[in-house]
Every structure is written in C-alpha cells, then in structure tokens.
file entry24.cif (mmCIF, C-alpha atoms and all ligand atoms)
data_protein
#
loop_
_atom_site.label_atom_id
_atom_site.label_comp_id
_atom_site.auth_asym_id
_atom_site.auth_seq_id
_atom_site.Cartn_x
_atom_site.Cartn_y
_atom_site.Cartn_z
CA MET C 1004 101.33 111.23 118.52
CA ARG C 1005 99.28 109.01 120.76
CA VAL C 1006 96.74 106.86 118.97
CA ARG C 1007 93.86 106.32 121.32
CA VAL C 1008 90.29 105.84 120.35
CA PRO C 1009 87.69 103.70 122.11
CA PHE C 1010 88.42 100.07 121.41
CA MET C 1011 85.97 98.43 119.06
CA ASP C 1012 86.03 94.91 117.75
CA GLU C 1013 85.49 96.18 114.25
CA VAL C 1014 85.97 99.66 112.79
CA ARG C 1015 83.96 100.50 109.71
CA PHE C 1016 84.06 103.45 107.37
CA ASP C 1017 81.08 103.70 105.02
CA SER C 1018 80.37 100.02 105.80
CA ARG C 1019 83.96 99.02 104.96
CA VAL C 1020 85.73 96.94 107.63
CA VAL C 1021 89.18 98.51 107.91
CA GLY C 1022 90.22 97.26 111.36
CA TYR C 1023 89.36 93.91 112.88
CA THR C 1024 90.70 91.84 115.75
CA LEU C 1025 91.83 88.23 115.82
CA ARG C 1026 93.54 86.65 118.83
CA GLY C 1027 94.75 89.96 120.24
CA SER C 1028 96.16 91.21 116.94
CA ARG C 1029 94.66 94.22 115.24
CA TYR C 1030 94.38 93.60 111.51
CA LEU C 1031 94.26 96.43 108.99
CA ASN C 1032 92.46 95.81 105.72
CA ILE C 1033 93.85 98.55 103.46
CA THR C 1034 93.31 97.21 99.96
CA ASN C 1035 91.58 94.42 98.06
CA ARG C 1036 94.04 94.58 95.17
CA CYS C 1037 96.55 91.79 94.64
CA THR C 1038 99.57 90.97 92.54
CA LEU C 1039 98.61 87.31 92.69
CA ARG C 1040 95.43 85.47 91.86
CA CYS C 1041 95.79 82.58 94.27
CA ALA C 1042 93.54 79.68 93.36
CA PHE C 1043 92.96 78.99 97.06
CA CYS C 1044 92.07 82.61 97.91
CA PRO C 1045 88.60 83.02 99.39
CA LYS C 1046 87.88 86.13 97.32
CA PHE C 1047 88.57 84.30 94.07
CA ASN C 1048 86.07 81.76 95.27
CA GLY C 1049 83.37 84.35 95.98
CA GLU C 1050 84.00 84.52 99.73
CA TRP C 1051 84.95 87.88 101.27
CA THR C 1052 84.22 87.08 104.89
CA VAL C 1053 86.88 86.10 107.40
CA ARG C 1054 85.62 85.12 110.86
CA ASP C 1055 82.40 87.12 110.29
CA TYR C 1056 84.29 90.22 109.09
CA ASN C 1057 83.33 91.20 105.58
CA LEU C 1058 86.61 92.48 104.14
CA ARG C 1059 85.32 93.64 100.80
CA LEU C 1060 86.25 97.30 100.28
CA ARG C 1061 83.80 98.94 97.94
CA GLY C 1062 84.57 102.38 96.56
CA GLU C 1063 87.71 104.19 97.64
CA GLU C 1064 90.35 102.47 99.68
CA PRO C 1065 90.61 103.77 103.27
CA ALA C 1066 92.65 106.93 103.77
CA THR C 1067 95.67 107.11 106.06
CA ASP C 1068 93.72 108.85 108.85
CA ASP C 1069 90.96 106.24 108.67
CA ILE C 1070 93.51 103.44 108.96
CA VAL C 1071 95.16 105.02 112.01
CA VAL C 1072 91.76 105.40 113.68
CA ALA C 1073 91.01 101.75 112.88
CA VAL C 1074 93.99 100.70 115.01
CA GLY C 1075 91.92 101.54 118.08
CA ASP C 1076 93.44 101.50 121.55
CA PRO C 1077 97.08 100.29 121.49
CA ASP C 1078 96.75 99.07 125.08
CA GLU C 1079 94.20 96.49 123.93
CA ILE C 1080 96.38 94.77 121.35
CA ASP C 1081 99.59 92.78 121.06
CA GLU C 1082 100.43 93.90 117.54
CA VAL C 1083 99.14 95.61 114.43
CA VAL C 1084 99.07 93.49 111.28
CA PHE C 1085 98.66 94.81 107.76
CA CYS C 1086 96.61 92.01 106.29
CA GLY C 1087 93.23 91.89 104.61
CA LEU C 1088 91.93 90.35 101.45
CA GLY C 1089 94.56 92.12 99.36
CA GLU C 1090 98.28 92.80 99.18
CA PRO C 1091 99.12 95.67 101.57
CA THR C 1092 102.36 96.65 99.83
CA LEU C 1093 100.36 97.67 96.78
CA ARG C 1094 99.69 100.70 98.99
CA LEU C 1095 103.32 100.89 100.09
CA TYR C 1096 103.47 104.61 100.80
CA THR C 1097 100.24 104.59 102.79
CA LEU C 1098 101.49 101.56 104.72
CA ILE C 1099 104.78 103.31 105.48
CA ASP C 1100 102.97 106.48 106.52
CA VAL C 1101 100.69 104.61 108.91
CA ALA C 1102 103.51 102.43 110.31
CA ALA C 1103 105.64 105.53 110.91
CA ARG C 1104 102.79 107.17 112.80
CA LEU C 1105 102.41 104.05 114.93
CA ARG C 1106 106.11 103.90 115.82
CA GLY C 1107 106.43 103.77 119.60
CA GLU C 1108 102.63 103.69 119.98
CA VAL C 1109 101.89 100.00 119.44
CA PRO C 1110 103.80 96.94 120.65
CA ARG C 1111 104.86 95.96 117.15
CA VAL C 1112 103.89 96.15 113.48
CA ARG C 1113 103.75 93.12 111.21
CA VAL C 1114 103.15 93.06 107.49
CA ASN C 1115 101.72 89.95 105.86
CA THR C 1116 102.89 90.14 102.28
CA ASP C 1117 103.28 88.22 99.06
CA GLY C 1118 106.90 89.41 98.95
CA LEU C 1119 106.51 90.91 95.49
CA ALA C 1120 106.91 94.59 96.33
CA ASN C 1121 110.42 94.84 94.87
CA LEU C 1122 109.17 93.37 91.62
CA VAL C 1123 106.15 95.68 91.53
CA TYR C 1124 108.05 98.89 92.33
CA GLY C 1125 111.20 98.08 90.39
CA ARG C 1126 113.45 98.82 93.34
CA ASP C 1127 114.43 97.36 96.67
CA VAL C 1128 111.75 98.64 99.06
CA THR C 1129 112.93 96.64 102.09
CA PRO C 1130 114.96 99.56 103.57
CA ASP C 1131 111.67 101.48 103.77
CA PHE C 1132 110.60 99.13 106.57
CA GLU C 1133 113.56 99.85 108.84
CA ASP C 1134 112.52 100.95 112.35
CA ILE C 1135 108.80 100.97 111.54
CA VAL C 1136 108.06 97.32 110.76
CA GLN C 1137 109.21 94.70 113.25
CA SER C 1138 107.93 91.58 111.51
CA LEU C 1139 107.37 90.43 107.94
CA SER C 1140 105.36 87.32 107.15
CA VAL C 1141 106.14 86.42 103.54
CA SER C 1142 104.02 83.95 101.59
CA LEU C 1143 106.44 81.50 99.98
CA ASN C 1144 103.65 79.03 99.38
CA ALA C 1145 105.70 76.47 97.47
CA GLN C 1146 109.11 74.86 97.27
CA ASP C 1147 109.59 75.55 93.56
CA GLU C 1148 108.45 77.92 90.84
CA ALA C 1149 106.17 75.50 89.02
CA THR C 1150 104.19 74.66 92.15
CA TYR C 1151 104.09 78.34 93.12
CA ASN C 1152 102.76 79.37 89.71
CA ARG C 1153 100.14 76.65 89.81
CA HIS C 1154 98.68 77.84 93.10
CA CYS C 1155 99.43 81.58 93.13
CA ARG C 1156 99.00 82.40 89.42
CA PRO C 1157 101.25 85.50 89.45
CA LEU C 1158 100.58 88.28 86.99
CA LEU C 1159 104.27 89.23 86.78
CA PRO C 1160 107.02 86.94 85.45
CA GLY C 1161 109.82 86.00 87.82
CA ALA C 1162 107.58 86.17 90.87
CA TYR C 1163 108.91 83.14 92.72
CA ASP C 1164 112.54 84.23 92.57
CA ALA C 1165 111.43 87.75 93.52
CA VAL C 1166 109.83 86.45 96.72
CA LEU C 1167 113.05 84.73 97.74
CA ASP C 1168 115.11 87.80 96.93
CA PHE C 1169 112.71 90.01 98.90
CA ALA C 1170 113.03 87.80 101.98
CA ARG C 1171 116.80 87.72 101.61
CA ARG C 1172 117.07 91.49 101.43
CA ALA C 1173 114.52 92.15 104.17
CA ARG C 1174 116.67 90.36 106.75
CA GLU C 1175 118.87 93.45 107.03
CA PHE C 1176 116.04 95.84 107.85
CA VAL C 1177 113.33 93.87 109.63
CA PRO C 1178 114.11 92.01 112.88
CA GLU C 1179 111.78 89.10 112.20
CA VAL C 1180 111.25 87.64 108.73
CA THR C 1181 109.13 84.51 108.40
CA LEU C 1182 108.30 82.52 105.31
CA THR C 1183 104.95 80.76 105.28
CA ALA C 1184 103.37 77.96 103.29
CA ILE C 1185 99.95 76.40 103.44
CA ASP C 1186 99.79 72.78 104.40
CA GLY C 1187 97.42 70.68 102.35
CA LEU C 1188 97.74 72.33 98.95
CA PRO C 1189 98.46 69.68 96.29
CA GLY C 1190 102.16 69.34 95.56
CA VAL C 1191 103.30 71.67 98.35
CA ASP C 1192 106.11 70.10 100.36
CA ILE C 1193 106.11 71.79 103.75
CA ASP C 1194 109.46 70.32 104.79
CA ALA C 1195 111.09 71.58 101.60
CA CYS C 1196 109.62 75.04 102.21
CA ARG C 1197 110.96 74.98 105.74
CA LYS C 1198 114.41 74.07 104.44
CA ILE C 1199 114.35 77.07 102.09
CA ALA C 1200 113.62 79.28 105.09
CA ASP C 1201 116.38 77.60 107.11
CA ASP C 1202 118.87 78.12 104.29
CA LEU C 1203 117.93 81.80 104.14
CA GLY C 1204 118.29 82.14 107.90
CA VAL C 1205 114.69 83.26 108.39
CA GLY C 1206 111.76 81.76 110.27
CA PHE C 1207 109.15 79.44 108.88
CA ARG C 1208 105.49 78.96 109.72
CA ARG C 1209 103.17 76.28 108.42
CA ARG C 1210 99.76 77.74 107.76
CA VAL C 1211 96.42 76.03 107.60
CA LEU C 1212 94.17 76.68 104.65
CA GLY C 1213 91.42 79.15 105.53
CA VAL C 1214 92.99 80.40 108.76
CA VAL C 1215 94.03 84.06 108.68
CA GLY C 1216 96.98 85.17 110.73
S1 LIG U 1301 97.87 87.16 97.95
FE1 LIG U 1301 96.32 86.72 99.52
S2 LIG U 1301 94.59 88.06 99.12
FE2 LIG U 1301 95.91 88.04 97.26
S3 LIG U 1301 95.04 86.47 95.92
FE3 LIG U 1301 96.64 85.48 97.16
S4 LIG U 1301 95.57 84.67 98.99
FE4 LIG U 1301 94.20 86.17 98.00
#

call {"tool": "encode", "arguments": {"input": "entry24.cif", "output": "structure tokens"}}
result
Amino acid sequence: MRVRVPFMDEVRFDSRVVGYTLRGSRYLNITNRCTLRCAFCPKFNGEWTVRDYNLRLRGEEPATDDIVVAVGDPDEIDEVVFCGLGEPTLRLYTLIDVAARLRGEVPRVRVNTDGLANLVYGRDVTPDFEDIVQSLSVSLNAQDEATYNRHCRPLLPGAYDAVLDFARRAREFVPEVTLTAIDGLPGVDIDACRKIADDLGVGFRRRVLGVVG
C-alpha cells in the first residue's frame, strides 16, 4: 500500500486536527484520553492548542482510515509520530493497525508514550511494536515515584515502576528507546533521570516545558 495524498500542513476531519507537522515530523493526534493527569499538561490547564493546532478531539476519535490519510505524503516528512494531547497506546490496536499499514511507506514511526500500556492492558504489549515502530519516547518525568506521582498524578497504582519495566522490556523489540523528563519541574533531577536511562541502556532526552516533540 502506498500512502500518498496531497501534503497539507494540517489535516482535519469534522474540524478535528488529526495530522499536524512540526519540524519535518508528522504528528498524529489519535486520542485525547490519558492514563495520567499531569499537573503540567496544557489540557488540564484549559489549553488545547499546540503551535496553533487545536488538538481537542470532539465526538468520535478518528478512524484508522482517517489517521492514515492524515499522514499525508511520506516524501514530505522525516518520521511519523503518534503524539497528541492524549496517550496513543490507549488506542493500541488502532495504533498497531496504522503503523503496520505505514511499514515501508514512511521513513520511521515513533510513539510518544507514558509507558503505561503494559499496566493498562495487563500484559506485555512491547512485542506488538516489533518491525512497525522504530522509536519509543517514554515519559519518565521523575527520578523517583514520589516526584512522579506529584507531577503526573497517575490513576493506576504502581505506575512509576510500570514505566521503568515497560522501557526495559521494549529494548528487545524497538530499536530506539528514549526516556524523557521535563527540565524545570519542581523536584525533578534531570541528571538522576539521565542516570536511570543510562543504567537501563536506553537513550535520554531533556525536554522543555511546553515544547512538543
Ligand atoms: S500524558 Fe501527556 S497528554 Fe496525558 S496528561 Fe500527561 S502531559 Fe497531558
């Protein structure tokens, strides 16, 4: 299957922004639901707009075909990123379906995730990403559980340890696994977060509050 539709900066369905472009990456906004309730999240502070893209999805979440169309022209992008104002793995089977359809059609697929999918689904989902997801960006967000809970306010118990376990398991199936943390949040020790990533043998990226990517 060759995905090829005229390239547009923003693809809307019924006024919903499903695909949007930042710095050569095509972002897919497939859900607004989250497992976390991060205190620093724009949507929990009444802000749904990222770089002029309104990412609020009213009504039904976009269907698989709509998401594939929202990728646009693969020749115009460096990568496809599942990332909107919501946790993409809450639509795991849609994500897998879309990523499988994009295999060989786009340079690479990245998933920006809270790393809680194994906890949510009650099984190890990381093998599902093999050969269809080339990069996982996992929000670690803190160097310890207390700091994590303070900022991310998880709905499920055991979330922090689940994130670490997810990253550990994903190494076998996804070529590039990167933990991230946001610099500037009170109590977050970026160097300690980086050391956790080093000890796990995965990458680390310091993020800046309010910058999507
Ligand atoms: S995981 Fe992301 S989208 Fe969800 S509440 Fe946290 S910052 Fe917001």

call {"tool": "atom_distance", "arguments": {"input": "entry24.cif", "atom1": "CA of Gln1146 (chain C)", "atom2": "CA of Gly1087 (chain C)"}}
result
24.4 Å

call {"tool": "atom_distance", "arguments": {"input": "entry24.cif", "atom1": "CA of Gly1187 (chain C)", "atom2": "atom FE4 of ligand LIG 1301 (chain U)"}}
result
16.4 Å

call {"tool": "axis_aligned_box", "arguments": {"input": "entry24.cif", "around": "ligand LIG 1301 (chain U)", "padding_each_side": "4 Å", "output": "lines of an AutoDock Vina configuration file"}}
result
center_x = 96.0
center_y = 86.4
center_z = 97.7
size_x = 11.7
size_y = 11.4
size_z = 11.6

call {"tool": "closest_residue", "arguments": {"input": "entry24.cif", "among": "C:Leu1203, C:Val1084, C:Leu1212, C:Ala1170", "to": "Gln1137 (chain C)", "atoms": "all atoms listed in the file"}}
result
C:Val1084

call {"tool": "residues_near_ligand", "arguments": {"input": "entry24.cif", "ligand": "ligand LIG 1301 (chain U)", "cutoff": "7 Å", "atoms": "only C-alpha atoms and all ligand atoms", "output": "JSON, numbers by chain"}}
result
{"C": [1037, 1038, 1039, 1040, 1041, 1043, 1044, 1045, 1046, 1087, 1088, 1089, 1090, 1117, 1155]}

call {"tool": "residues_around", "arguments": {"input": "entry24.cif", "residues": "Asp1134 (chain C)", "least_positions_apart": "4", "cutoff": "10 Å", "atoms": "only C-alpha atoms", "output": "list in words"}}
result
Ala1102, Ala1103, Arg1106, Gly1107, Val1112, Pro1130, Phe1176, Val1177 and Pro1178 of chain C

call {"tool": "residues_around", "arguments": {"input": "entry24.cif", "residues": "Leu1188 (chain C)", "least_positions_apart": "3", "cutoff": "10 Å", "atoms": "all atoms listed in the file", "output": "list in words"}}
result
Phe1043, Asn1144, Ala1145, Thr1150, His1154, Ala1184, Ile1185, Val1191, Asp1192, Ile1193, Val1211 and Leu1212 of chain C

call {"tool": "atom_distance", "arguments": {"input": "entry24.cif", "atom1": "CA of Arg1156 (chain C)", "atom2": "CA of Asp1127 (chain C)"}}
result
22.7 Å

call {"tool": "closest_residue", "arguments": {"input": "entry24.cif", "among": "C:Ile1080, C:Ile1099, C:Leu1025, C:Val1014", "to": "Val1114 (chain C)", "atoms": "all atoms listed in the file"}}
result
C:Ile1099

call {"tool": "residues_near_point", "arguments": {"input": "entry24.cif", "point": "(115.7, 91.6, 97.4)", "cutoff": "9 Å", "atoms": "all atoms listed in the file", "output": "PyMOL selection string"}}
result
chain C and resi 1121-1122+1126-1129+1165-1173

call {"tool": "closest_residue", "arguments": {"input": "entry24.cif", "among": "C:Val1072, C:Ala1200, C:Val1021, C:Ala1042", "to": "Leu1058 (chain C)", "atoms": "all atoms listed in the file"}}
result
C:Val1021

call {"tool": "residues_around", "arguments": {"input": "entry24.cif", "residues": "Thr1181 (chain C)", "least_positions_apart": "4", "cutoff": "8 Å", "atoms": "all atoms listed in the file", "output": "JSON, numbers by chain"}}
result
{"C": [1138, 1139, 1140, 1141, 1200, 1205, 1206, 1207, 1208]}

call {"tool": "closest_residue", "arguments": {"input": "entry24.cif", "among": "C:Gly1161, C:Gly1125, C:Gly1118, C:Gly1062", "to": "Leu1182 (chain C)", "atoms": "all atoms listed in the file"}}
result
C:Gly1118
